[in-house]
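Chemist: To be precise about what I am sending: the file is called target-v8.tsv and holds TSV, C-alpha atoms.
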```
chain	number	residue	atom	x	y	z
A	1	MET	CA	72.55	-37.81	7.10
A	2	SER	CA	76.06	-36.72	6.20
A	3	GLU	CA	78.01	-37.21	9.43
A	4	LYS	CA	80.99	-39.52	9.37
A	5	PRO	CA	79.88	-42.99	10.52
A	6	GLU	CA	81.44	-43.91	13.85
A	7	SER	CA	80.20	-47.46	14.27
A	8	ASP	CA	79.26	-50.40	12.07
A	9	LEU	CA	75.62	-49.57	12.67
A	10	ASP	CA	76.13	-45.94	11.61
A	11	LEU	CA	77.87	-47.13	8.46
A	12	ILE	CA	75.06	-49.57	7.70
A	13	LEU	CA	72.43	-46.89	8.29
A	14	LEU	CA	74.28	-44.48	6.01
A	15	LEU	CA	74.71	-47.11	3.32
A	16	ALA	CA	71.04	-48.12	3.59
A	17	HIS	CA	69.94	-44.50	3.26
A	18	GLU	CA	72.18	-43.91	0.25
A	19	LEU	CA	71.08	-47.13	-1.47
A	20	ARG	CA	67.39	-46.82	-0.81
A	21	ALA	CA	66.97	-43.37	-2.37
A	22	PRO	CA	68.06	-44.43	-5.90
A	23	LEU	CA	66.32	-47.77	-5.41
A	24	GLY	CA	63.08	-45.91	-4.75
A	25	ILE	CA	63.59	-43.98	-7.99
A	26	VAL	CA	64.18	-47.22	-9.94
A	27	LYS	CA	61.05	-48.73	-8.43
A	28	GLU	CA	58.87	-45.74	-9.21
A	29	SER	CA	60.28	-45.60	-12.77
A	30	ILE	CA	59.29	-49.22	-13.30
A	31	SER	CA	55.92	-48.69	-11.63
A	32	LEU	CA	55.05	-45.78	-13.90
A	33	VAL	CA	55.37	-48.10	-16.90
A	34	VAL	CA	53.78	-51.13	-15.19
A	35	ASP	CA	50.83	-49.00	-14.10
A	36	LYS	CA	50.46	-47.87	-17.74
A	37	VAL	CA	50.75	-44.20	-16.75
A	38	LEU	CA	52.93	-43.62	-19.81
A	39	GLY	CA	50.91	-45.71	-22.27
A	40	LYS	CA	50.05	-49.27	-23.17
A	41	THR	CA	52.40	-52.19	-22.63
A	42	ASN	CA	52.15	-55.76	-23.87
A	43	ASP	CA	52.13	-58.89	-21.70
A	44	LYS	CA	55.82	-59.67	-22.18
A	45	GLN	CA	56.81	-56.13	-21.26
A	46	GLN	CA	54.64	-56.38	-18.15
A	47	LEU	CA	56.27	-59.68	-17.21
A	48	VAL	CA	59.78	-58.27	-17.59
A	49	LEU	CA	58.98	-55.12	-15.64
A	50	LEU	CA	57.22	-57.01	-12.86
A	51	THR	CA	60.29	-59.24	-12.56
A	52	ALA	CA	62.46	-56.14	-12.33
A	53	ARG	CA	60.22	-54.59	-9.69
A	54	ARG	CA	60.07	-57.77	-7.64
A	55	ASN	CA	63.85	-57.85	-7.56
A	56	VAL	CA	64.07	-54.20	-6.57
A	57	ASP	CA	61.81	-55.11	-3.66
A	58	ARG	CA	64.11	-58.01	-2.89
A	59	ILE	CA	67.18	-55.75	-2.71
A	60	ASP	CA	65.20	-53.39	-0.51
A	61	ARG	CA	64.26	-56.24	1.84
A	62	ILE	CA	67.88	-57.35	2.09
A	63	ILE	CA	68.92	-53.81	3.02
A	64	MET	CA	66.17	-53.46	5.60
A	65	ASN	CA	66.89	-56.88	7.11
A	66	VAL	CA	70.55	-55.98	7.60
A	67	VAL	CA	69.51	-52.64	9.14
A	68	ASP	CA	67.05	-54.42	11.45
A	69	ILE	CA	69.46	-57.07	12.68
A	70	TYR	CA	72.19	-54.54	13.48
A	71	LYS	CA	69.72	-52.16	15.10
A	72	LEU	CA	68.37	-55.02	17.23
A	73	GLU	CA	71.86	-56.00	18.31
A	74	ALA	CA	72.73	-52.42	19.20
A	75	GLY	CA	69.44	-52.02	21.11
A	76	ARG	CA	68.50	-49.22	18.75
A	77	LEU	CA	65.37	-50.64	17.18
A	78	GLU	CA	62.44	-48.61	18.40
A	79	LEU	CA	58.95	-50.06	18.50
A	80	GLN	CA	55.84	-48.09	17.61
A	81	LYS	CA	53.31	-49.83	19.79
A	82	THR	CA	49.56	-49.50	19.25
A	83	SER	CA	46.54	-51.52	20.36
A	84	PHE	CA	45.21	-53.75	17.62
A	85	ASP	CA	43.44	-57.05	17.02
A	86	LEU	CA	45.96	-59.82	16.34
A	87	MET	CA	43.17	-61.87	14.78
A	88	THR	CA	42.58	-59.25	12.09
A	89	ALA	CA	46.32	-59.05	11.40
A	90	VAL	CA	46.51	-62.84	11.09
A	91	ARG	CA	43.53	-62.94	8.72
A	92	GLN	CA	45.14	-60.24	6.57
A	93	VAL	CA	48.39	-62.21	6.36
A	94	ALA	CA	46.45	-65.39	5.56
A	95	GLY	CA	44.62	-63.49	2.83
A	96	VAL	CA	47.90	-62.42	1.25
A	97	PHE	CA	49.15	-66.02	1.21
A	98	GLN	CA	45.89	-67.62	0.05
A	99	PRO	CA	46.69	-67.36	-3.69
A	100	LEU	CA	50.03	-69.08	-3.02
A	101	ALA	CA	48.21	-71.87	-1.15
A	102	ASP	CA	45.71	-72.27	-3.99
A	103	GLY	CA	48.51	-72.37	-6.56
A	104	ALA	CA	50.48	-74.97	-4.60
A	105	GLY	CA	47.46	-77.09	-3.73
A	106	LEU	CA	47.99	-76.53	0.01
A	107	GLN	CA	45.38	-75.89	2.66
A	108	LEU	CA	45.81	-72.67	4.62
A	109	LYS	CA	43.68	-72.31	7.74
A	110	VAL	CA	43.34	-69.98	10.70
A	111	VAL	CA	42.38	-72.04	13.76
A	112	THR	CA	41.01	-70.29	16.83
A	113	SER	CA	38.10	-70.20	19.23
A	114	HIS	CA	38.34	-66.45	19.82
A	115	GLU	CA	36.59	-63.68	17.94
A	116	THR	CA	39.21	-61.06	18.69
A	117	LEU	CA	42.62	-61.05	20.36
A	118	PRO	CA	43.56	-57.51	21.31
A	119	VAL	CA	47.28	-56.88	21.83
A	120	THR	CA	49.50	-53.86	22.35
A	121	ALA	CA	52.47	-54.21	20.05
A	122	ASP	CA	54.18	-52.84	16.95
A	123	LYS	CA	51.67	-53.92	14.33
A	124	PRO	CA	53.88	-53.74	11.19
A	125	ARG	CA	56.66	-55.60	13.00
A	126	ILE	CA	54.39	-58.35	14.31
A	127	THR	CA	52.78	-58.63	10.88
A	128	ASN	CA	56.29	-59.11	9.45
A	129	VAL	CA	56.99	-61.87	11.97
A	130	LEU	CA	53.76	-63.60	10.92
A	131	SER	CA	54.56	-63.22	7.22
A	132	GLN	CA	58.05	-64.58	7.80
A	133	LEU	CA	56.77	-67.67	9.61
A	134	VAL	CA	53.99	-68.36	7.12
A	135	GLY	CA	56.38	-67.67	4.21
A	136	ASN	CA	58.88	-70.16	5.64
A	137	ALA	CA	56.12	-72.74	6.05
A	138	PHE	CA	55.26	-72.37	2.36
A	139	LYS	CA	58.91	-72.66	1.36
A	140	PHE	CA	59.28	-76.03	3.04
A	141	THR	CA	55.84	-77.59	2.54
A	142	ARG	CA	55.01	-79.44	-0.67
A	143	LYS	CA	51.81	-81.15	0.40
A	144	GLY	CA	49.29	-81.00	3.18
A	145	ARG	CA	48.42	-77.89	5.13
A	146	ILE	CA	49.60	-74.81	6.94
A	147	GLU	CA	47.66	-73.71	9.99
A	148	ILE	CA	47.87	-70.53	12.01
A	149	VAL	CA	46.65	-71.35	15.51
A	150	LEU	CA	45.75	-68.54	17.88
A	151	LYS	CA	44.96	-68.79	21.56
A	152	ARG	CA	45.11	-66.94	24.81
A	153	ASN	CA	47.47	-68.20	27.49
A	154	THR	CA	47.93	-67.08	31.09
A	155	ASP	CA	50.37	-64.27	30.21
A	156	GLY	CA	49.00	-63.07	26.92
A	157	VAL	CA	48.46	-64.49	23.48
A	158	GLU	CA	50.07	-67.36	21.63
A	159	CYS	CA	50.29	-67.79	17.88
A	160	SER	CA	51.59	-70.92	16.15
A	161	VAL	CA	52.33	-71.56	12.52
A	162	ARG	CA	52.11	-75.30	11.91
A	163	ASP	CA	53.05	-77.00	8.67
A	164	THR	CA	53.25	-80.51	7.22
A	165	GLY	CA	56.53	-79.78	5.45
A	166	ILE	CA	59.99	-81.32	5.34
A	167	GLY	CA	60.73	-80.48	8.97
A	168	ILE	CA	64.05	-79.49	10.55
A	169	ALA	CA	66.92	-81.81	11.41
A	170	PRO	CA	67.55	-82.02	15.21
A	171	GLU	CA	71.14	-80.76	14.83
A	172	GLU	CA	69.86	-77.62	13.11
A	173	MET	CA	67.39	-76.72	15.86
A	174	PRO	CA	69.83	-74.92	18.20
A	175	LYS	CA	70.97	-72.56	15.41
A	176	LEU	CA	67.50	-71.81	14.14
A	177	PHE	CA	67.26	-68.26	15.46
A	178	HIS	CA	70.91	-67.33	14.86
A	179	LYS	CA	71.72	-64.81	12.18
A	180	PHE	CA	73.29	-65.83	8.86
A	181	GLU	CA	72.16	-69.44	9.30
A	182	GLN	CA	70.19	-71.09	6.53
A	183	PHE	CA	68.19	-74.26	6.69
A	184	GLY	CA	66.79	-76.80	4.33
A	185	TRP	CA	67.05	-74.60	1.27
A	186	VAL	CA	66.28	-76.51	-1.91
A	187	PRO	CA	66.90	-75.34	-5.48
A	188	GLY	CA	63.71	-73.81	-6.78
A	189	GLY	CA	62.50	-73.28	-3.25
A	190	GLY	CA	62.36	-69.52	-3.71
A	191	GLU	CA	64.63	-66.79	-2.41
A	192	LYS	CA	67.59	-68.14	-0.54
A	193	GLY	CA	68.10	-64.99	1.43
A	194	MET	CA	70.78	-64.23	3.99
A	195	GLY	CA	69.49	-66.27	6.89
A	196	LEU	CA	68.27	-63.25	8.83
A	197	GLY	CA	64.50	-63.78	8.88
A	198	LEU	CA	64.16	-65.89	12.02
A	199	ALA	CA	66.90	-63.99	13.87
A	200	ILE	CA	64.95	-60.78	13.27
A	201	CYS	CA	61.70	-62.47	14.41
A	202	LYS	CA	63.39	-63.45	17.66
A	203	GLY	CA	64.82	-59.96	18.15
A	204	ILE	CA	61.43	-58.36	17.55
A	205	LEU	CA	59.72	-60.69	20.03
A	206	ASP	CA	62.48	-60.20	22.61
A	207	ILE	CA	61.96	-56.44	22.66
A	208	HIS	CA	58.21	-57.02	22.98
A	209	ARG	CA	59.02	-59.23	25.99
A	210	GLY	CA	57.54	-62.11	24.06
A	211	THR	CA	59.01	-65.46	23.09
A	212	ILE	CA	59.51	-67.56	19.98
A	213	SER	CA	60.26	-71.25	19.76
A	214	ALA	CA	60.13	-74.13	17.31
A	215	GLU	CA	59.32	-77.83	17.33
A	216	SER	CA	59.83	-80.17	14.44
A	217	GLN	CA	59.64	-83.75	13.27
A	218	PRO	CA	61.77	-84.27	10.17
A	219	GLY	CA	59.53	-85.47	7.37
A	220	GLU	CA	56.37	-84.56	9.26
A	221	GLY	CA	56.46	-80.84	9.73
A	222	SER	CA	57.36	-77.90	11.95
A	223	THR	CA	55.57	-75.63	14.37
A	224	PHE	CA	56.81	-72.14	15.19
A	225	THR	CA	55.15	-70.50	18.16
A	226	PHE	CA	55.41	-66.94	19.38
A	227	THR	CA	53.86	-65.31	22.39
A	228	LEU	CA	53.09	-61.70	23.22
A	229	PRO	CA	52.42	-60.51	26.76
A	230	GLY	CA	49.21	-58.81	27.88
A	231	GLY	CA	46.25	-58.61	25.57
A	232	LYS	CA	43.31	-58.96	27.91
A	233	SER	CA	39.93	-58.53	26.24
B	1	MET	CA	35.98	-28.42	-13.62
B	2	SER	CA	39.47	-26.95	-13.40
B	3	LYS	CA	42.40	-29.14	-12.51
B	4	LYS	CA	43.51	-29.34	-8.90
B	5	LYS	CA	46.97	-27.98	-8.40
B	6	ILE	CA	49.64	-29.74	-6.33
B	7	LEU	CA	52.85	-28.07	-5.20
B	8	ILE	CA	55.75	-30.46	-4.51
B	9	ILE	CA	58.65	-29.11	-2.46
B	10	ASP	CA	61.44	-31.68	-2.52
B	11	ASP	CA	65.10	-31.61	-3.53
B	12	GLU	CA	65.14	-35.17	-4.97
B	13	LYS	CA	64.76	-33.92	-8.53
B	14	GLU	CA	64.51	-37.26	-10.29
B	15	MET	CA	61.89	-38.57	-7.87
B	16	VAL	CA	59.90	-35.35	-8.22
B	17	GLN	CA	59.95	-35.75	-11.99
B	18	LEU	CA	58.44	-39.24	-11.67
B	19	GLU	CA	55.85	-38.12	-9.11
B	20	THR	CA	54.88	-35.29	-11.43
B	21	MET	CA	54.25	-37.73	-14.29
B	22	ARG	CA	52.01	-39.85	-12.10
B	23	LEU	CA	50.05	-36.92	-10.70
B	24	GLU	CA	49.60	-35.40	-14.17
B	25	ALA	CA	48.34	-38.73	-15.47
B	26	HIS	CA	45.71	-38.58	-12.72
B	27	GLY	CA	44.57	-35.17	-13.85
B	28	TYR	CA	46.47	-32.89	-11.48
B	29	GLU	CA	48.48	-29.84	-12.38
B	30	VAL	CA	51.88	-29.95	-10.69
B	31	VAL	CA	54.23	-27.15	-9.73
B	32	VAL	CA	57.62	-27.88	-8.17
B	33	ALA	CA	60.18	-26.19	-5.95
B	34	TYR	CA	63.46	-27.74	-4.85
B	35	GLU	CA	63.94	-25.76	-1.64
B	36	GLY	CA	61.91	-24.04	1.04
B	37	GLU	CA	62.10	-20.33	0.14
B	38	ALA	CA	61.21	-21.00	-3.48
B	39	GLY	CA	58.41	-23.28	-2.27
B	40	LEU	CA	57.02	-20.58	-0.02
B	41	ALA	CA	57.06	-18.08	-2.89
B	42	LEU	CA	55.35	-20.54	-5.24
B	43	ALA	CA	52.71	-21.36	-2.64
B	44	ARG	CA	51.79	-17.65	-2.54
B	45	THR	CA	51.69	-17.09	-6.28
B	46	GLU	CA	50.29	-20.43	-7.47
B	47	LYS	CA	47.74	-20.97	-4.67
B	48	PRO	CA	47.87	-24.78	-4.91
B	49	ASP	CA	45.11	-27.05	-3.57
B	50	LEU	CA	47.66	-29.15	-1.68
B	51	ILE	CA	51.35	-29.00	-0.84
B	52	ILE	CA	53.66	-32.02	-0.51
B	53	VAL	CA	56.75	-31.16	1.54
B	54	ASP	CA	59.82	-33.32	2.07
B	55	ILE	CA	61.03	-32.95	5.67
B	56	MET	CA	64.69	-33.12	4.68
B	57	LEU	CA	65.19	-30.00	2.60
B	58	PRO	CA	68.36	-27.95	2.26
B	59	LYS	CA	68.49	-24.73	4.33
B	60	MET	CA	64.95	-24.75	5.75
B	61	ASP	CA	63.62	-28.17	6.81
B	62	GLY	CA	60.12	-29.37	6.02
B	63	TYR	CA	58.71	-28.77	9.51
B	64	GLU	CA	59.88	-25.15	9.51
B	65	LEU	CA	58.53	-24.64	6.01
B	66	CYS	CA	55.20	-26.10	7.11
B	67	ARG	CA	55.13	-23.77	10.13
B	68	ARG	CA	55.78	-20.75	7.92
B	69	LEU	CA	53.14	-21.77	5.40
B	70	LYS	CA	50.62	-22.04	8.22
B	71	LEU	CA	51.53	-18.53	9.45
B	72	ASP	CA	51.06	-17.06	6.00
B	73	ALA	CA	47.65	-15.44	5.48
B	74	GLN	CA	47.49	-16.59	1.85
B	75	CYS	CA	48.63	-20.17	2.43
B	76	ARG	CA	47.41	-21.15	5.87
B	77	LEU	CA	44.34	-23.05	4.67
B	78	ILE	CA	46.17	-25.18	2.11
B	79	PRO	CA	46.48	-28.81	3.28
B	80	ILE	CA	50.06	-30.00	3.69
B	81	VAL	CA	51.37	-33.56	3.48
B	82	LEU	CA	54.86	-34.08	4.88
B	83	VAL	CA	57.02	-36.88	3.51
B	84	SER	CA	60.02	-38.48	5.15
B	85	ALA	CA	62.50	-41.17	4.18
B	86	VAL	CA	61.82	-44.49	5.88
B	87	ASP	CA	64.96	-44.32	8.01
B	88	GLN	CA	64.15	-40.88	9.36
B	89	LYS	CA	61.79	-40.92	12.21
B	90	TYR	CA	58.80	-38.73	11.49
B	91	ASP	CA	58.10	-36.57	14.51
B	92	THR	CA	54.32	-36.90	14.80
B	93	ASN	CA	54.05	-34.30	17.55
B	94	LEU	CA	56.15	-31.76	15.70
B	95	GLY	CA	54.21	-32.48	12.51
B	96	LYS	CA	50.94	-31.77	14.32
B	97	LYS	CA	52.36	-28.68	16.00
B	98	VAL	CA	53.44	-27.12	12.72
B	99	GLY	CA	50.04	-27.89	11.16
B	100	ALA	CA	50.71	-30.79	8.77
B	101	HIS	CA	47.54	-32.66	7.77
B	102	ASP	CA	49.22	-35.97	7.19
B	103	TYR	CA	52.53	-37.60	6.51
B	104	PHE	CA	53.91	-40.31	4.27
B	105	THR	CA	57.05	-42.36	4.45
B	106	LYS	CA	59.08	-42.79	1.27
B	107	PRO	CA	58.97	-44.88	-0.77
B	108	PHE	CA	55.19	-44.52	-0.69
B	109	GLU	CA	52.64	-46.65	-2.40
B	110	PRO	CA	51.42	-44.40	-5.22
B	111	THR	CA	47.80	-45.49	-4.75
B	112	ALA	CA	47.85	-44.59	-1.05
B	113	LEU	CA	49.32	-41.16	-1.75
B	114	LEU	CA	46.82	-40.52	-4.56
B	115	ALA	CA	43.93	-41.49	-2.31
B	116	LYS	CA	45.17	-39.11	0.39
B	117	ILE	CA	45.62	-36.28	-2.13
B	118	LYS	CA	42.09	-36.85	-3.43
B	119	GLU	CA	40.66	-36.79	0.08
B	120	LEU	CA	42.49	-33.65	1.16
B	121	THR	CA	41.88	-31.68	-2.03
B	122	ARG	CA	38.20	-32.53	-1.85
B	123	LYS	CA	38.04	-31.16	1.68
B	124	SER	CA	39.85	-27.98	0.65
B	125	THR	CA	37.01	-26.99	-1.68
B	126	THR	CA	34.18	-27.46	0.82
```
Give the structure from this file in C-alpha cells form.
Modeler:
Amino acid sequence: MSEKPESDLDLILLLAHELRAPLGIVKESISLVVDKVLGKTNDKQQLVLLTARRNVDRIDRIIMNVVDIYKLEAGRLELQKTSFDLMTAVRQVAGVFQPLADGAGLQLKVVTSHETLPVTADKPRITNVLSQLVGNAFKFTRKGRIEIVLKRNTDGVECSVRDTGIGIAPEEMPKLFHKFEQFGWVPGGGEKGMGLGLAICKGILDIHRGTISAESQPGEGSTFTFTLPGGKS
Amino acid sequence: MSKKKILIIDDEKEMVQLETMRLEAHGYEVVVAYEGEAGLALARTEKPDLIIVDIMLPKMDGYELCRRLKLDAQCRLIPIVLVSAVDQKYDTNLGKKVGAHDYFTKPFEPTALLAKIKELTRKSTT
C-alpha cells in the first residue's frame, strides 16, 4: 500500500496500515515476555506488561474503529457473511463478560425460549455489536442485572441487551447512534473512547438490513435492541 | 525425535525475529528468508516441515511464491500457511488455487498459529 491517498478514507487506511504494523511488533514483544517465552517474570513485571499490552490493544481498537466508521460512511465496508447460530455467539459473549459480572456483583443472564437461532450474517461483526452493547451495559450499571434477550420475530431475529443502570437522559436519545457523541461517562467508568461504538453498531446493522434502537428510563435502565433479517430454523 | 523445521518467508524483519523466538521456545527449528526467490531456494535446500509465507512480499507476492512452491517437485508436499495484514483482503479462492493449506491474518494470536503449525506438521509426517 504505497499509492498516494486520494481521499480521507484512503489516508485513514494508509495511516492505519502504517500504525498497525509497528503496533503488532510492540504487542508481540510484550507477549513474548508475558508468556514467559524468554524466562521467568515476577508478579509486578507481569502487571506492568499486561497493562502495556492492554493499552496497545486499546490503541489498536481506536484505529480500527476509525477505519470502520469511515469505511461504513463511504459504503466500503464489506461483510463476510456465513450461517451461524446467534445463540452460540451470544453465549460466548456472555461467557467473556461473566468474570466482570462476578467481580461487580451483577447478574448476567441470557433469556430465551429457543435452543438455536440460525442467522446468515458477518459473525465477527455481529459478535462485536453484542460485545459493544453488553460492554456499555456494564459501564453504566452499578447494581442489579444485565440480560440478553433473544427471540424470533416475523422478519428474523431480535436481540435485546437490557440493564438496570443509570439510563439515558431523553435529550441524549436522538444523538445516541451519531458518531463522536459520548454519553453518561463517569470518572472511573472505564475507557472513555471516541464515541464511535454505537455509530459503528448502527452502520453494521444497516448494511445487514437490520435495525438497532434504544429505550431508556433514567435511573432505571436501558434496553438496546437489534434485529437481523431472515434466520428461519 | 528431531525438531520440526519451519521456514518463514516475510520481509517484516523485526516481526520475524519475534516469531522465531516464540517458535524456537516451542521446540521448532526456524529458517528465514526475506523475499520470494531466497525463500524458494531455502525451501529446496532446507526441506522444512512447514512454510509460512507473507502475501505481501517484495518482487514476488506470496500467492505466486506459493504457486511456485507447489510446482516444485521437492517442495510440493510441504504445507504452506499464508499470512496477510488485517487490512488486506485475503483472497480465499486464489489461496486455494495456488495450494495454500491455511491462512492467518496478522496480528495473529500466537496460540492459534502454534496450534495450526502443530496440526499441519503432524499431518506432513503421516
Chemist: A:Val157: which residues within 10 Å, counting all atoms listed in the file, same-chain residues fewer than 2 positions away excluded, as a VMD selection string?
Modeler: chain A and resid 86 117 to 119 150 to 155 159 210 226 to 232
Chemist: Selected residues, C-alpha atoms, written as an mmCIF file, in the frame of the given file, please.
Modeler:
```cif
data_model
loop_
_atom_site.group_PDB
_atom_site.id
_atom_site.type_symbol
_atom_site.label_atom_id
_atom_site.label_comp_id
_atom_site.auth_asym_id
_atom_site.auth_seq_id
_atom_site.Cartn_x
_atom_site.Cartn_y
_atom_site.Cartn_z
ATOM 1 C CA LEU A 86 45.960 -59.820 16.340
ATOM 2 C CA LEU A 117 42.620 -61.050 20.360
ATOM 3 C CA PRO A 118 43.560 -57.510 21.310
ATOM 4 C CA VAL A 119 47.280 -56.880 21.830
ATOM 5 C CA LEU A 150 45.750 -68.540 17.880
ATOM 6 C CA LYS A 151 44.960 -68.790 21.560
ATOM 7 C CA ARG A 152 45.110 -66.940 24.810
ATOM 8 C CA ASN A 153 47.470 -68.200 27.490
ATOM 9 C CA THR A 154 47.930 -67.080 31.090
ATOM 10 C CA ASP A 155 50.370 -64.270 30.210
ATOM 11 C CA CYS A 159 50.290 -67.790 17.880
ATOM 12 C CA GLY A 210 57.540 -62.110 24.060
ATOM 13 C CA PHE A 226 55.410 -66.940 19.380
ATOM 14 C CA THR A 227 53.860 -65.310 22.390
ATOM 15 C CA LEU A 228 53.090 -61.700 23.220
ATOM 16 C CA PRO A 229 52.420 -60.510 26.760
ATOM 17 C CA GLY A 230 49.210 -58.810 27.880
ATOM 18 C CA GLY A 231 46.250 -58.610 25.570
ATOM 19 C CA LYS A 232 43.310 -58.960 27.910
#
```
Chemist: Would you tabulate, counting all atoms listed in the file, all residues of chain A that have an atom at most 9 Å from an atom of chain B, showing the closest pair of atoms and their distance in Å to one decimal, sorted by chain then ascending number, as a Markdown table?
Modeler:
```
| residue | atom | partner | partner_atom | distance |
| --- | --- | --- | --- | --- |
| A:Leu13 | CA | B:Asp87 | CA | 7.9 |
| A:Ala16 | CA | B:Asp87 | CA | 8.4 |
| A:His17 | CA | B:Asp87 | CA | 6.9 |
| A:Arg20 | CA | B:Pro107 | CA | 8.6 |
| A:Ala21 | CA | B:Ala85 | CA | 8.2 |
| A:Pro22 | CA | B:Met15 | CA | 8.7 |
| A:Gly24 | CA | B:Pro107 | CA | 5.8 |
| A:Ile25 | CA | B:Met15 | CA | 5.7 |
| A:Lys27 | CA | B:Pro107 | CA | 8.8 |
| A:Glu28 | CA | B:Leu18 | CA | 7.0 |
| A:Ser29 | CA | B:Leu18 | CA | 6.7 |
| A:Ser31 | CA | B:Pro110 | CA | 8.9 |
| A:Leu32 | CA | B:Arg22 | CA | 6.9 |
| A:Val37 | CA | B:Ala25 | CA | 6.1 |
| A:Leu38 | CA | B:Ala25 | CA | 8.0 |
```
Chemist: Distance atom CA of A:Glu215-atom CA of A:Gly167, one decimal place?
Modeler: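 Separation of atom CA of A:Glu215 and atom CA of A:Gly167: 8.9 Å.
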Chemist: Of the candidates B:Ile9, B:Ala73, B:Leu65, B:Leu50, which shows the shortest atom-to-atom distance to B:Glu35, using only C-alpha atoms?
Modeler: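 Ranked by minimum distance to B:Glu35, first place goes to B:Ile9.
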Chemist: Could you check which residues have any atom within 8 Å of (60.7, -82.7, 5.1), counting all atoms listed in the file with coordinates taken straight from the file, and then list them as a list in words?
Modeler: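 Those residues, ordered by chain and then number, are Phe140, Thr141, Gly165, Ile166, Gly167, Ile168, Pro218, Gly219, Glu220 and Gly221 of chain A.
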Chemist: For a cut-off of 9 Å around (66.0, -57.9, 8.1), file coordinates, pick out all residues using all atoms listed in the file and list them as a ChimeraX atom specification.
Modeler: /A:61-70,194,196-197,199-201
Chemist: Hey, what's within 9 Å of B:Lys97 if we count only C-alpha atoms and toss same-chain stuff fewer than 4 positions away? As a list in words, please?
Modeler: Arg67, Thr92 and Asn93 of chain B
Chemist: Contacts of B:Tyr90 at 12 Å or less, counting only C-alpha atoms, minus same-chain residues fewer than 3 places along, as a PyMOL selection string?
Modeler: (chain A and resi 80) or (chain B and resi 54-56+62-63+82-87+93-96+100+102-106)
Chemist: Nearest to B:Ile51: which of B:Lys118, B:Leu71, B:Ile6, B:Thr111 is it, counting all atoms listed in the file?
Modeler: B:Ile6
Chemist: Suppose you want the space between atom CA of B:Lys3 and atom CA of B:Ile117; what is it in Å?
Modeler: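 Straight-line distance from atom CA of B:Lys3 to atom CA of B:Ile117 works out to 13.0 Å.
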Chemist: Which is closest to B:Leu113 among B:Val98, B:Ile52, B:Leu77, B:Leu57, if we use all atoms listed in the file?
Modeler: B:Ile52
Chemist: Could you tell me how far atom CA of A:Ile148 sits from atom CA of A:Gly105, in Å to one decimal place?
Modeler: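 Answer for the atom CA of A:Gly105 to atom CA of A:Ile148 separation: 17.1 Å.
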Chemist: May I have the centre and edge lengths, in Å to one decimal, of an axis-aligned box around the listed atoms of stretch 19-29 of chain B with 8 Å added to every side, as JSON?
Modeler:
```
{"center_x": 50.2, "center_y": -34.8, "center_z": -12.3, "size_x": 27.3, "size_y": 26.0, "size_z": 22.4}
```
